[in-house]
Structure formats: C-alpha cells, structure tokens
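What follows is a set of notes on a single structure, which appears directly below.
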Amino acid sequence: MIGEWIAGPVAGKLLNPATEEVLAEVGGGPASIGAALKWARERGGTALRVMTFAERGDMLRTLSRAVHAHRDELIGLAVANGGNTRSDAKFDIDGASGTLAHYADLGAALGATRVLTKGDGTQLGRSPRFWGQHVRVARAGVAVLVNAFNFPAWGIAEKAACALLAGMPILAKPATATAHVAHRLVEIFLATGAVPPGAVQILVGPTGDLLDQLGGQDVLAFTGSSHTARLLRGHARIVAESVHVNVEADSLNAAVLGPDVGPGTPTWDLFVGDVARDITQKTGQKCTAIRRIFVCGERAGAVKEALAERLAAIKVGDPARDEVTMGPLSTAQQRDDVRAGIARLAAEGRAIFGGDGTVAPIGVPSGKGFFVGPVLFEVDSGHDARALHADEVFGPVATVAPCVDAADAGALVRRGGGGLVCSAYSDDRAFLTQLVGEIAPYHGRIYLGSAKVAGQTPGPGTALPQLLHGGPGRAGGGEELGGLVGLGLYMQRTALEGDKALIEAVVKG
Ligand code: NAP
C-alpha cells in the first residue's frame with residue numbers, strides 16, 4: 001500500500017472548461033490518509049533531514065529539469081483541463097521549473113550543512129564563552145500543501161521547493177477542478193528517482209479527515225479563498241495542536257498611475273501593458289492580478305481609451321486554437337461567481353468595455369464552455385464605491401477610478417484591506433516616496449513601474465522566487481518565497497545557549 005498510487009471512490013470529474021468534455025474521474029477521501037502521513041513523517045522526513053542543503057538542492061535541480069523536459073505535455077494538459085492558452089500554461093509550468101531551479105541554487109549556496117544560522121550570535125556572559133545563537137532546523141512533521149485551482153504546477157512547486165529544501169516531506173493537495181497538471185507533475189517528480197520514499201505525495205479530491213490528523217510538527221500551507229482559509233485556520237485540531245499555518249488568500253490588487261505620466265512615454269506604455277495583461281492573462285484568474293486602477297490627475301479618460309483598445313484586440317475562445325488569446329474560466333462555478341461579481345460592480349459603476357461579459361467564443365459549440373469576456377468598469381468616485389474594494393472578482397474584470405494625489409491614492413488603495421501587491425507607475429521620486437509610505441504596511445510587495453525598468457520587468461502579476469509572496473489582512477497574512485525567508489515556515493527557530501565552542505560544533509553537525 002505504501003509507495004503506491006491508491007484509488008479512492010469516484011468523487012468528481014475533470015472537465016475541459018472550453019468544451020465541457022469529461023477528461024478524467026477523481027477519487028478522494030481515502031481511508032489510507034493516516035498511513036500516508038505516517039509514511040511522510042517517518043520515512044520521507046527522516047531521509048530528507050539526513051540530506052544536506054546542497055543535496056536537497058541537487059534534488060530540486062533534478063525536479064526542475066524533469067518539469068522542463070515534460071513542458072509540452074504539461075502545457076497540453078493545462079490547455080485541456082485549465083482553459084489556459086499556451087502562453088498562460090507556460091506561465092504556470094515555467095514558473096514551476098524556474099522556482100525549483102532558484103531554490104536548487106540556494107541549496108547549493110548553503111552547502112553541506114543541515115542547520116540554518118542567522119547572524120553571528122550574541123555574547124551572553126562576562127566572557128565570550130557564554131554564547132547565544134539562533135538556529136533553524138527542519139520541523140519533524142509533514143507539510144500539507146493545499147493549493148488553488150489557478151496555478152496547478154507553480155502552486156505546488158513554489159511550496160514544495162521551500163519545504164523540501166528546508167527538509168520537510170510534502171503532501172500536496174491541489175484544487176480538484178484543475179488537478180490533471182498537478183497529478184502529472186507529481187508523477188514526473190517521482191519518476192526522477194531523486195525523491196526519497198515518502199518525501200513527496202499527492203492527494204487528489206476530497207481530503208477526508210486529513211486535518212484531524214495533523215499535529216504540532218506539521219505545516220498547513222494554504223492558498224485559496226479567504227472563506228476556505230477561515231474554515232481551515234479555525235479547525236479545532238489545527239487550533240488545539242498549534243499546527244503551523246500559512247494563508248495566501250484573496251487580494252484586490254491596485255495599480256496607481258502618477259500624475260507625471262502621460263501618453264506616449266515609456267512609463268505610460270508599461271502601465272497600459274501591465275494592466276491589460278493582468279486583466280486577460282489566465283482569464284484574470286491570478287491572485288496578483290490588478291483589479292483596481294487609480295489614475296491621479298486628469299488622465300482617466302486617456303487610460304480608459306488605451307485599455308479599451310487593448311481589450312478589443314483580445315480573442316476569446318477555445319485555448320487549443322492558435323488565434324485565441326484568452327480562454328474560459330476554469331469551472332462553471334467560477335463563471336457564475338464572476339458574473340455575480342460583474343453585476344455587483346455594475347450596480348455602482350459603468351461598464352466602459354465588455355458590457356456584462358457576454359461573449360461569443362471562437363471555436364466552441366454553441367452554449368458550451370465557461371466563458372466571460374474582458375470587462376472594464378469606471379466609477380466617478382472610488383471613495384463612494386463599496387464592492388470595488390470588497391469583492392475580488394476572480395476573472396477578466398477591472399475598474400478605473402480617478403484620484404487626486406499620492407495621499408488620495410493611498411487612501412483608496414488601503415480600502416482593499418491588505419493585498420499581495422500594489423503597483424505604482426511614476427518617475428517622480430517625491431510622489432513614489434509618499435505613496436510607498438502610505439501603502440507599504442498594507443502589502444507584501446510594491447512594484448515600482450518607471451521608465452528605467454520598462455522593458456525588463458515581468459510586471460506586478462509575476463511572483464518572483466527572490467521576493468516575498470503574501471500580504472497582510474485580506475490577503476491572508478502569509479509569507480511565501482522571498483528566497484530563504486520562504487524556508488521559515490518549514491523550520492523551527494531554536495535558540496542555543498551555552499559554551500560558544502560547543503554551540504559551533506553542534507551547529508556544524
Ligand atoms: P478554494 O475554493 O478556497 O480552494 C482552495 C483549496 O482548498 C482547494 O485545493 C480546495 O480543494 C481546498 N479545500 C476547500 N475546502 C477544503 C476543506 N474543507 N479542507 C481542505 N481543503 C479544502 O479556492 P479556489 O477557488 O481554488 O481558488 C481561488 C481563490 O484563491 C481566489 O480567491 C484567489 O484569490 C485565491 N488565490 C490566492 C493566491 C495567493 O497566493 N494569495 C494564489 C492563487 C489563488 P477542492 O478543490 O477539492 O475543493
């Protein structure tokens with residue numbers, strides 16, 4: 001039973017969201033979940049903790065290369081099961097291999113050690129002999145990685161890279177609707193032979209009593225809606241056992257255009273390109289996508305015109321077709337949620353592009369598929385709006401609102417209640433200094449779009465492994481990635497106190 005794939009009772013079907021064709025059946029709620037956790041803790045964790053950071057880095061390098069070697073196959077699955085265009089799918093798959101490669105480099109740099117030390121330690125007594133040193137060591141449990149439907153490859157890889165490099169075994173629990181890519185990704189990981197038995201497992205479908213079996217050495221790394229986050233975070237066992245929980249949830253990311261930026265400048269073009277990409281890439285199903293656009297000064301009209309022109313060029317349809325540049329939403333539920341969100345925004349603003357999102361998709365049988373076209377709203381006053389700052393419409397939808405200056409923009413941005421990323425487009429240092437001061441405590445990342453970086457930035461929607469991913473408040477209060485910061489969740493910080501020479505010997509291993 002251990003080291004094998006186990007089929008649970010059929011609990012659902014995987015669909016192609018463009019055609020509604022059934023692609024696979026999903027099992028779930030296996031009775032063997034306890035055995036899987038035991039296998040991870042006892043075999044996987046033990047094997048990983050014996051490996052040095054450099055050896056774990058080598059393992060991640062092998063996984064990264066394996067993902068890259070299966071790139072076309074994974075892209076095909078993402079197009080079929082995720083509604084991704086090829087370009088959307090590459091964003092997910094290459095994000096996975098790139099993040100694994102980045103953590104492979106970090107493992108190599110940490111070298112032949114198993115303990116992370118931070119700082120030089122502290123003299124505690126009269127002489128330097130009595131010494132204190134903080135260290136981080138791998139937690140002795142299992143890292144349960146629960147992910148959202150929108151990034152089935154990157155979502156697993158960005159959590160797995162940190163957990164495995166830290167020395168913790170993983171049990172991945174991908175979102176059911178788009179699990180085809182996630183399932184295949186784990187098959188590919190295991191087929192490399194680089195992963196110790198029990199170090200990597202996946203549970204597709206309902207979780208059964210998984211949460212009831214977690215304990216104080218385990219980690220629950222969650223990405224998804226704030227509704228589910230509340231359920232998991234408040235679960236009696238999670239609370240009672242002080243299970244380490246990280247939450248990456250909703251975010252009403254804003255873009256702010258400075259009053260100094262006019263049409264025809266590199267900063268303007270960067271702003272328009274980033275916003276248009278974020279509305280349509282992955283059909284707007286990105287946690288980092290720009291939802292609110294605040295335009296300082298008198299240029300809201302020109303912004304609306306430029307964005308409408310970009311959106312008019314988008315071709316919605318079956319993403320398997322080359323000419324299509326935006327696919328469907330991933331599920332019927334997502335489509336219904338997005339339509340409801342559009343109706344709420346329509347009650348307080350005007351659609352200046354896309355109406356209610358009704359669209360005639362290219363290459364799709366009539367009435368099939370979970371399609372919503374891109375929609376751009378405007379409101380006269382962002383201060384009077386409510387839904388704009390409260391409801392994350394997880395689709396190709398954004399709203400433009402005017403603002404006066406950095407203080408006004410800051411007040412509007414903060415209405416989002418805490419976010420993953422805010423982008424600010426300006427070449428005016430005084431404007432950016434004031435805006436960053438206004439909004440930094442409310443965000444995990446602030447992207448400064450200016451003429452000097454236009455042409456070399458991937459835009460605010462890309463979470464880079466070097467930088468923090470996560471945000472306070474509505475965004476869940478979590479922290480992922482950020483280089484070695486990302487290992488923190490999976491490691492216990494312990495203070496060693498005693499003879500300096502002894503501590504140095506212990507740390508060296
Ligand atoms: P979701 O419905 O909250 O589901 C997220 C994950 O939780 C899925 O794997 C789901 O499994 C699982 N889940 C649901 N109920 C559970 C339970 N009782 N016990 C254990 N697991 C449970 O979210 P989603 O619809 O997949 O994703 C969309 C949301 O994710 C959006 O709000 C978006 O903003 C957010 N998101 C945030 C980030 C970020 O980094 N901050 C990134 C991506 C997405 P099933 O699929 O089997 O139900």
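Note on naming: chains are A, B, ... as they come in the structure tokens, residues start from 1 per chain, ligands start from 1 in the order shown.
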
With only C-alpha atoms as the counted atoms, please give the residues lying no more than 12 Å from Glu241 of chain A, apart from itself and same-chain residues fewer than 6 positions off, as a PyMOL selection string. chain A and resi 211-220+233-235

Dump as an mmCIF file, in the first residue's frame, selection limited to N, CA, C and O atoms:
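Result file again_23.cif:
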```cif
data_model
loop_
_atom_site.group_PDB
_atom_site.id
_atom_site.type_symbol
_atom_site.label_atom_id
_atom_site.label_comp_id
_atom_site.auth_asym_id
_atom_site.auth_seq_id
_atom_site.Cartn_x
_atom_site.Cartn_y
_atom_site.Cartn_z
ATOM 1 N N LEU A 211 -7.300 16.932 8.127
ATOM 2 C CA LEU A 211 -6.988 17.979 9.106
ATOM 3 C C LEU A 211 -7.032 17.438 10.538
ATOM 4 O O LEU A 211 -6.305 17.925 11.411
ATOM 5 N N ASP A 212 -7.865 16.432 10.758
ATOM 6 C CA ASP A 212 -7.986 15.859 12.103
ATOM 7 C C ASP A 212 -6.746 15.069 12.499
ATOM 8 O O ASP A 212 -6.638 14.627 13.641
ATOM 9 N N GLN A 213 -5.866 14.855 11.546
ATOM 10 C CA GLN A 213 -4.690 14.035 11.837
ATOM 11 C C GLN A 213 -3.402 14.846 11.892
ATOM 12 O O GLN A 213 -2.313 14.281 11.954
ATOM 13 N N LEU A 214 -3.514 16.171 11.837
ATOM 14 C CA LEU A 214 -2.300 16.993 11.862
ATOM 15 C C LEU A 214 -1.907 17.327 13.297
ATOM 16 O O LEU A 214 -2.751 17.387 14.194
ATOM 17 N N GLY A 215 -0.626 17.558 13.501
ATOM 18 C CA GLY A 215 -0.115 17.843 14.845
ATOM 19 C C GLY A 215 0.870 19.004 14.837
ATOM 20 O O GLY A 215 1.100 19.651 13.804
ATOM 21 N N GLY A 216 1.479 19.236 15.972
ATOM 22 C CA GLY A 216 2.303 20.420 16.198
ATOM 23 C C GLY A 216 3.597 20.481 15.404
ATOM 24 O O GLY A 216 4.232 21.530 15.338
ATOM 25 N N GLN A 217 4.044 19.374 14.822
ATOM 26 C CA GLN A 217 5.243 19.416 13.979
ATOM 27 C C GLN A 217 4.871 19.575 12.500
ATOM 28 O O GLN A 217 5.750 19.647 11.646
ATOM 29 N N ASP A 218 3.575 19.579 12.218
ATOM 30 C CA ASP A 218 3.131 19.658 10.821
ATOM 31 C C ASP A 218 2.905 21.101 10.395
ATOM 32 O O ASP A 218 2.777 22.014 11.225
ATOM 33 N N VAL A 219 2.835 21.287 9.072
ATOM 34 C CA VAL A 219 2.590 22.608 8.481
ATOM 35 C C VAL A 219 1.395 22.491 7.547
ATOM 36 O O VAL A 219 1.272 21.508 6.806
ATOM 37 N N LEU A 220 0.530 23.489 7.592
ATOM 38 C CA LEU A 220 -0.561 23.584 6.619
ATOM 39 C C LEU A 220 -0.324 24.865 5.831
ATOM 40 O O LEU A 220 -0.484 25.970 6.363
ATOM 41 N N ARG A 233 -8.214 27.515 9.146
ATOM 42 C CA ARG A 233 -7.496 28.156 10.252
ATOM 43 C C ARG A 233 -8.221 27.938 11.594
ATOM 44 O O ARG A 233 -7.599 27.812 12.634
ATOM 45 N N GLY A 234 -9.555 27.908 11.507
ATOM 46 C CA GLY A 234 -10.342 27.771 12.727
ATOM 47 C C GLY A 234 -10.654 26.322 13.088
ATOM 48 O O GLY A 234 -11.344 26.057 14.077
ATOM 49 N N HIS A 235 -10.165 25.369 12.301
ATOM 50 C CA HIS A 235 -10.432 23.950 12.556
ATOM 51 C C HIS A 235 -9.919 23.587 13.957
ATOM 52 O O HIS A 235 -8.777 23.927 14.324
#
```

I want to know what sits within 12 Å of Ile33 of chain A, based on only C-alpha atoms, with residues of the same chain fewer than 3 positions away left out; could you give that as a PyMOL selection string? chain A and resi 1-2+6-8+28-30+36-40+144+171+173+201-204+206-214

Produce a file of the selected residues containing C-alpha atoms, as a PDB file, in the first residue's frame.
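Result file is part-v6.pdb:
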```
ATOM      1  CA  MET A   1       0.000   0.000   0.000  1.00  0.00           C
ATOM      2  CA  ILE A   2       2.830   2.398   0.838  1.00  0.00           C
ATOM      3  CA  ILE A   6      -4.292   4.386  -4.299  1.00  0.00           C
ATOM      4  CA  ALA A   7      -7.656   4.986  -5.978  1.00  0.00           C
ATOM      5  CA  GLY A   8     -10.458   6.351  -3.774  1.00  0.00           C
ATOM      6  CA  GLY A  28     -10.952  11.023  -2.887  1.00  0.00           C
ATOM      7  CA  GLY A  29     -11.364  10.732   0.862  1.00  0.00           C
ATOM      8  CA  PRO A  30      -9.103   7.688   1.078  1.00  0.00           C
ATOM      9  CA  ALA A  36       0.236   8.452   4.061  1.00  0.00           C
ATOM     10  CA  LEU A  37       1.005  10.946   6.843  1.00  0.00           C
ATOM     11  CA  LYS A  38       2.914   8.301   8.823  1.00  0.00           C
ATOM     12  CA  TRP A  39       4.898   7.337   5.702  1.00  0.00           C
ATOM     13  CA  ALA A  40       5.801  11.012   5.164  1.00  0.00           C
ATOM     14  CA  VAL A 144       0.432  19.705   3.713  1.00  0.00           C
ATOM     15  CA  LEU A 171       1.632  16.014   0.874  1.00  0.00           C
ATOM     16  CA  LYS A 173      -3.499  18.711  -2.111  1.00  0.00           C
ATOM     17  CA  GLN A 201       2.895  12.554  -2.010  1.00  0.00           C
ATOM     18  CA  ILE A 202      -0.301  13.926  -3.525  1.00  0.00           C
ATOM     19  CA  LEU A 203      -3.959  13.670  -2.557  1.00  0.00           C
ATOM     20  CA  VAL A 204      -6.392  14.462  -5.368  1.00  0.00           C
ATOM     21  CA  PRO A 206     -11.743  15.471  -1.080  1.00  0.00           C
ATOM     22  CA  THR A 207      -9.445  15.481   1.944  1.00  0.00           C
ATOM     23  CA  GLY A 208     -11.433  13.184   4.246  1.00  0.00           C
ATOM     24  CA  ASP A 209     -10.200  13.531   7.835  1.00  0.00           C
ATOM     25  CA  LEU A 210      -6.776  14.921   6.851  1.00  0.00           C
ATOM     26  CA  LEU A 211      -6.988  17.979   9.106  1.00  0.00           C
ATOM     27  CA  ASP A 212      -7.986  15.859  12.103  1.00  0.00           C
ATOM     28  CA  GLN A 213      -4.690  14.035  11.837  1.00  0.00           C
ATOM     29  CA  LEU A 214      -2.300  16.993  11.862  1.00  0.00           C
TER      30      LEU A 214
END
```

Nearby polymer residues, ligand 1, at most 8 Å, only C-alpha atoms and all ligand atoms, as a ChimeraX atom specification: /A:146-151,155,173-177,204-208,210-211,222-229,231-232,247-251,285-288,334,392,394,420,469-471,475-476

Hey, can you spit out that residue selection with C-alpha atoms as a short mmCIF file (atom, residue, chain, number, x, y, z; two decimals), in the first residue's frame?
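Output contents, as saved in selection.cif:
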```cif
data_model
loop_
_atom_site.label_atom_id
_atom_site.label_comp_id
_atom_site.auth_asym_id
_atom_site.auth_seq_id
_atom_site.Cartn_x
_atom_site.Cartn_y
_atom_site.Cartn_z
CA VAL A 146 -3.28 22.98 -0.21
CA ASN A 147 -3.47 24.94 -3.44
CA ALA A 148 -5.92 26.96 -5.54
CA PHE A 149 -7.11 25.92 -8.99
CA ASN A 150 -5.41 28.67 -10.96
CA PHE A 151 -1.74 27.57 -10.73
CA GLY A 155 1.37 26.40 -6.80
CA LYS A 173 -3.50 18.71 -2.11
CA PRO A 174 -4.24 20.53 -5.39
CA ALA A 175 -7.63 22.05 -6.21
CA THR A 176 -9.76 19.30 -7.69
CA ALA A 177 -11.03 21.13 -10.78
CA VAL A 204 -6.39 14.46 -5.37
CA GLY A 205 -10.03 15.05 -4.45
CA PRO A 206 -11.74 15.47 -1.08
CA THR A 207 -9.45 15.48 1.94
CA GLY A 208 -11.43 13.18 4.25
CA LEU A 210 -6.78 14.92 6.85
CA LEU A 211 -6.99 17.98 9.11
CA PHE A 222 -2.87 27.08 2.18
CA THR A 223 -3.64 29.07 -0.97
CA GLY A 224 -7.23 29.77 -1.89
CA SER A 225 -10.24 31.83 -0.94
CA SER A 226 -10.48 33.64 2.38
CA HIS A 227 -13.68 31.68 3.03
CA THR A 228 -11.84 28.32 2.97
CA ALA A 229 -8.89 29.88 4.81
CA LEU A 231 -12.52 27.21 7.87
CA LEU A 232 -9.06 25.65 7.90
CA VAL A 247 -2.51 31.54 4.36
CA GLU A 248 -2.35 33.07 0.88
CA ALA A 249 -5.85 34.34 0.12
CA ASP A 250 -7.76 36.99 -1.83
CA SER A 251 -6.35 40.33 -2.86
CA GLN A 285 -7.57 34.19 -12.56
CA LYS A 286 -4.38 35.37 -10.90
CA CYS A 287 -4.22 36.23 -7.22
CA THR A 288 -1.81 39.04 -8.14
CA GLN A 334 -16.06 30.39 -11.33
CA GLU A 392 -12.50 40.04 -5.51
CA PHE A 394 -11.69 36.40 -9.93
CA LEU A 420 -0.41 40.83 -2.19
CA HIS A 469 4.77 36.50 -1.90
CA GLY A 470 1.89 37.09 0.51
CA GLY A 471 0.25 40.03 2.17
CA ALA A 475 -4.52 38.60 1.59
CA GLY A 476 -4.27 36.12 4.48
#
```

What's around Ile362 of chain A at 8 Å? Count only C-alpha atoms, leave out sequence neighbours fewer than 4 positions away in its own chain, and write the answer as a ChimeraX atom specification. /A:315-318,324

Residue neighbourhood segment 12-24 of chain A, 8 Å, only C-alpha atoms, exclusion window fewer than 4 positions, as a tab-separated table (two decimals) with all heavy atoms, in the first residue's frame:
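Contents of the output file selection_7.tsv:
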```tsv
chain	number	residue	atom	x	y	z
A	80	ALA	N	-6.05	21.78	-21.87
A	80	ALA	CA	-7.27	20.96	-21.86
A	80	ALA	C	-8.06	21.11	-20.56
A	80	ALA	O	-9.27	21.28	-20.58
A	80	ALA	CB	-6.90	19.49	-22.09
A	81	ASN	N	-7.38	21.03	-19.42
A	81	ASN	CA	-8.10	20.98	-18.14
A	81	ASN	C	-8.20	22.34	-17.45
A	81	ASN	O	-9.08	22.53	-16.61
A	81	ASN	CB	-7.42	19.97	-17.21
A	81	ASN	CG	-8.10	19.79	-15.86
A	81	ASN	OD1	-7.44	19.59	-14.86
A	81	ASN	ND2	-9.42	19.89	-15.82
A	82	GLY	N	-7.32	23.29	-17.82
A	82	GLY	CA	-7.31	24.57	-17.10
A	82	GLY	C	-7.94	25.70	-17.90
A	82	GLY	O	-8.11	26.81	-17.38
A	83	GLY	N	-8.22	25.46	-19.19
A	83	GLY	CA	-8.71	26.55	-20.03
A	83	GLY	C	-7.61	27.55	-20.35
A	83	GLY	O	-7.87	28.67	-20.77
A	176	THR	N	-9.28	20.44	-6.90
A	176	THR	CA	-9.76	19.30	-7.69
A	176	THR	C	-9.98	19.66	-9.16
A	176	THR	O	-9.57	18.91	-10.05
A	176	THR	CB	-11.07	18.77	-7.07
A	176	THR	OG1	-10.82	18.43	-5.71
A	176	THR	CG2	-11.57	17.54	-7.81
A	177	ALA	N	-10.57	20.83	-9.42
A	177	ALA	CA	-11.03	21.13	-10.78
A	177	ALA	C	-9.92	21.08	-11.82
A	177	ALA	O	-10.15	20.71	-12.97
A	177	ALA	CB	-11.71	22.51	-10.81
A	178	THR	N	-8.70	21.47	-11.44
A	178	THR	CA	-7.60	21.53	-12.42
A	178	THR	C	-6.46	20.58	-12.03
A	178	THR	O	-5.29	20.85	-12.30
A	178	THR	CB	-7.05	22.97	-12.51
A	178	THR	OG1	-6.62	23.36	-11.19
A	178	THR	CG2	-8.09	23.94	-13.02
A	179	ALA	N	-6.83	19.46	-11.42
A	179	ALA	CA	-5.81	18.58	-10.82
A	179	ALA	C	-5.01	17.76	-11.84
A	179	ALA	O	-4.05	17.10	-11.47
A	179	ALA	CB	-6.47	17.63	-9.82
A	180	HIS	N	-5.39	17.80	-13.12
A	180	HIS	CA	-4.69	16.98	-14.11
A	180	HIS	C	-3.20	17.31	-14.14
A	180	HIS	O	-2.34	16.43	-14.11
A	180	HIS	CB	-5.30	17.23	-15.49
A	180	HIS	CG	-5.60	15.97	-16.25
A	180	HIS	ND1	-4.97	14.77	-15.99
A	180	HIS	CD2	-6.46	15.72	-17.26
A	180	HIS	CE1	-5.43	13.85	-16.81
A	180	HIS	NE2	-6.34	14.40	-17.59
A	205	GLY	N	-8.63	15.23	-4.83
A	205	GLY	CA	-10.03	15.05	-4.45
A	205	GLY	C	-10.26	15.44	-3.01
A	205	GLY	O	-9.40	16.08	-2.37
A	317	GLY	N	-11.90	32.35	-26.76
A	317	GLY	CA	-12.39	31.11	-27.35
A	317	GLY	C	-11.67	29.89	-26.81
A	317	GLY	O	-11.06	29.94	-25.73
A	318	ASP	N	-11.75	28.81	-27.59
A	318	ASP	CA	-11.10	27.55	-27.19
A	318	ASP	C	-9.58	27.77	-27.20
A	318	ASP	O	-9.01	28.04	-28.27
A	318	ASP	CB	-11.51	26.45	-28.19
A	318	ASP	CG	-10.91	25.10	-27.80
A	318	ASP	OD1	-10.02	25.06	-26.93
A	318	ASP	OD2	-11.34	24.09	-28.39
A	319	PRO	N	-8.92	27.65	-26.05
A	319	PRO	CA	-7.49	27.98	-26.00
A	319	PRO	C	-6.62	27.01	-26.78
A	319	PRO	O	-5.43	27.28	-26.96
A	319	PRO	CB	-7.18	27.93	-24.50
A	319	PRO	CG	-8.21	27.03	-23.92
A	319	PRO	CD	-9.44	27.21	-24.75
A	327	GLY	N	-8.78	32.25	-22.81
A	327	GLY	CA	-9.63	31.07	-22.71
A	327	GLY	C	-10.80	31.29	-21.76
A	327	GLY	O	-11.09	32.42	-21.34
A	328	PRO	N	-11.48	30.21	-21.38
A	328	PRO	CA	-12.62	30.29	-20.47
A	328	PRO	C	-12.15	30.39	-19.02
A	328	PRO	O	-10.96	30.22	-18.73
A	328	PRO	CB	-13.32	28.96	-20.69
A	328	PRO	CG	-12.18	28.02	-21.01
A	328	PRO	CD	-11.20	28.82	-21.81
A	329	LEU	N	-13.07	30.62	-18.13
A	329	LEU	CA	-12.80	30.45	-16.70
A	329	LEU	C	-12.71	28.95	-16.43
A	329	LEU	O	-13.17	28.13	-17.24
A	329	LEU	CB	-13.89	31.12	-15.88
A	329	LEU	CG	-13.88	32.65	-16.05
A	329	LEU	CD1	-15.21	33.25	-15.66
A	329	LEU	CD2	-12.75	33.29	-15.28
A	330	SER	N	-12.12	28.60	-15.29
A	330	SER	CA	-11.76	27.19	-15.09
A	330	SER	C	-12.94	26.28	-14.78
A	330	SER	O	-12.88	25.08	-15.03
A	330	SER	CB	-10.72	27.06	-13.98
A	330	SER	OG	-9.53	27.64	-14.42
A	331	THR	N	-14.00	26.83	-14.19
A	331	THR	CA	-15.14	25.99	-13.83
A	331	THR	C	-16.45	26.77	-14.03
A	331	THR	O	-16.46	28.00	-14.11
A	331	THR	CB	-15.09	25.56	-12.34
A	331	THR	OG1	-15.18	26.74	-11.54
A	331	THR	CG2	-13.82	24.81	-12.01
A	332	ALA	N	-17.55	26.02	-14.04
A	332	ALA	CA	-18.87	26.66	-14.13
A	332	ALA	C	-19.10	27.54	-12.90
A	332	ALA	O	-19.68	28.63	-13.00
A	332	ALA	CB	-19.96	25.58	-14.23
A	364	VAL	N	-16.08	27.13	-30.37
A	364	VAL	CA	-16.72	26.40	-29.28
A	364	VAL	C	-18.17	26.10	-29.67
A	364	VAL	O	-18.86	26.99	-30.17
A	364	VAL	CB	-16.71	27.26	-27.99
A	364	VAL	CG1	-17.48	26.58	-26.88
A	364	VAL	CG2	-15.28	27.53	-27.56
A	365	PRO	N	-18.63	24.85	-29.46
A	365	PRO	CA	-20.04	24.54	-29.78
A	365	PRO	C	-20.97	25.48	-29.02
A	365	PRO	O	-20.69	25.84	-27.87
A	365	PRO	CB	-20.20	23.10	-29.29
A	365	PRO	CG	-18.82	22.55	-29.16
A	365	PRO	CD	-17.90	23.71	-28.92
A	368	LYS	N	-21.68	25.98	-25.04
A	368	LYS	CA	-20.70	25.22	-24.25
A	368	LYS	C	-19.62	26.15	-23.68
A	368	LYS	O	-19.35	27.22	-24.21
A	368	LYS	CB	-20.02	24.16	-25.12
A	368	LYS	CG	-20.93	23.02	-25.50
A	368	LYS	CD	-21.16	22.11	-24.30
A	368	LYS	CE	-22.03	20.92	-24.66
A	368	LYS	NZ	-22.50	20.19	-23.49
A	369	GLY	N	-18.99	25.70	-22.61
A	369	GLY	CA	-17.82	26.40	-22.08
A	369	GLY	C	-18.18	27.46	-21.05
A	369	GLY	O	-19.29	27.97	-21.01
A	370	PHE	N	-17.17	27.77	-20.21
A	370	PHE	CA	-17.39	28.67	-19.07
A	370	PHE	C	-16.77	30.04	-19.36
A	370	PHE	O	-15.85	30.48	-18.69
A	370	PHE	CB	-16.80	28.04	-17.80
A	370	PHE	CG	-17.19	26.60	-17.63
A	370	PHE	CD1	-16.25	25.64	-17.28
A	370	PHE	CD2	-18.51	26.18	-17.82
A	370	PHE	CE1	-16.60	24.30	-17.12
A	370	PHE	CE2	-18.88	24.84	-17.67
A	370	PHE	CZ	-17.92	23.90	-17.32
A	371	PHE	N	-17.31	30.70	-20.40
A	371	PHE	CA	-16.67	31.91	-20.91
A	371	PHE	C	-17.25	33.20	-20.34
A	371	PHE	O	-18.47	33.32	-20.19
A	371	PHE	CB	-16.79	31.97	-22.44
A	371	PHE	CG	-15.95	30.92	-23.13
A	371	PHE	CD1	-16.49	29.69	-23.45
A	371	PHE	CD2	-14.62	31.17	-23.41
A	371	PHE	CE1	-15.71	28.72	-24.07
A	371	PHE	CE2	-13.83	30.19	-24.02
A	371	PHE	CZ	-14.39	28.97	-24.35
```

Which residue is closest to Gly482 of chain A? Choose from A:Ile342, A:Cys162, A:Ala454, A:Leu145 and count only C-alpha atoms.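 Ranked by minimum distance to Gly482 of chain A, first place goes to A:Cys162.
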
Quick one: of A:Leu484, A:Met51, A:Met168, A:Leu270, who's nearest to Thr457 of chain A, counting only C-alpha atoms?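 Among A:Leu484, A:Met51, A:Met168, A:Leu270, it is A:Leu270 that comes nearest to Thr457 of chain A.
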
Taking the DSSP assignment computed from this structure's backbone, write out as number ranges by chain all residues of segment 344-420 of chain A that belong to helix (DSSP H, G or I). A: 344-346, 387-390, 406-414

Given the choices A:Lys304, A:Lys118, A:Lys500, A:His183, which gets closest to Ile156 of chain A if the distance is worked out from only C-alpha atoms?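 For Ile156 of chain A, the nearest of the candidates is A:His183.
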
Using only C-alpha atoms, the shortest atom-to-atom distance to Ile446 of chain A among A:Leu74, A:Ala255, A:Ile93, A:Val393 belongs to A:Ala255

Which polymer residues have any atom within 10 Å of an atom of Gly461 of chain A, counting only C-alpha atoms, with same-chain residues fewer than 2 positions away left out, as a PyMOL selection string? chain A and resi 253+274-275+277-278+281+286-290+420-423+447+458-459+463-464

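The coordinates place atom CA of Thr399 of chain A at 16.0 Å from atom CA of Val372 of chain A.
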
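Within segment 271-383 of chain A, the backbone-based DSSP assignment of strand (DSSP E) covers A:Ile290, A:Arg291, A:Arg292, A:Ile293, A:Phe294, A:Val295, A:Cys296, A:Arg350, A:Ala351, A:Ile352, A:Phe353, A:Val375, A:Leu376, A:Phe377, A:Glu378.
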
Any idea what the distance is between atom CA of Glu497 of chain A and atom CA of Trp131 of chain A?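 Between these atoms lies a distance of 5.8 Å.
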
Atom CA of Leu190 of chain A sits from atom CA of Thr99 of chain A at a separation of 18.0 Å

Output as a tab-separated table one row per residue of segment 243-306 of chain A within 12 Å of segment 344-352 of chain A: the closest atom pair and its distance in Å to one decimal place, counting only C-alpha atoms, sorted by chain and residue number ascending.
```
residue	atom	partner	partner_atom	distance
A:Arg291	CA	A:Leu345	CA	11.4
A:Arg292	CA	A:Leu345	CA	11.5
A:Gly301	CA	A:Ile352	CA	10.7
A:Val303	CA	A:Ile352	CA	11.5
A:Lys304	CA	A:Ile352	CA	7.7
A:Glu305	CA	A:Ile352	CA	9.2
A:Ala306	CA	A:Ile352	CA	11.8
```

Residue among A:Asp427, A:Glu158, A:Glu479, A:Glu73 lying closest to Ser97 of chain A, counting only C-alpha atoms: A:Glu158
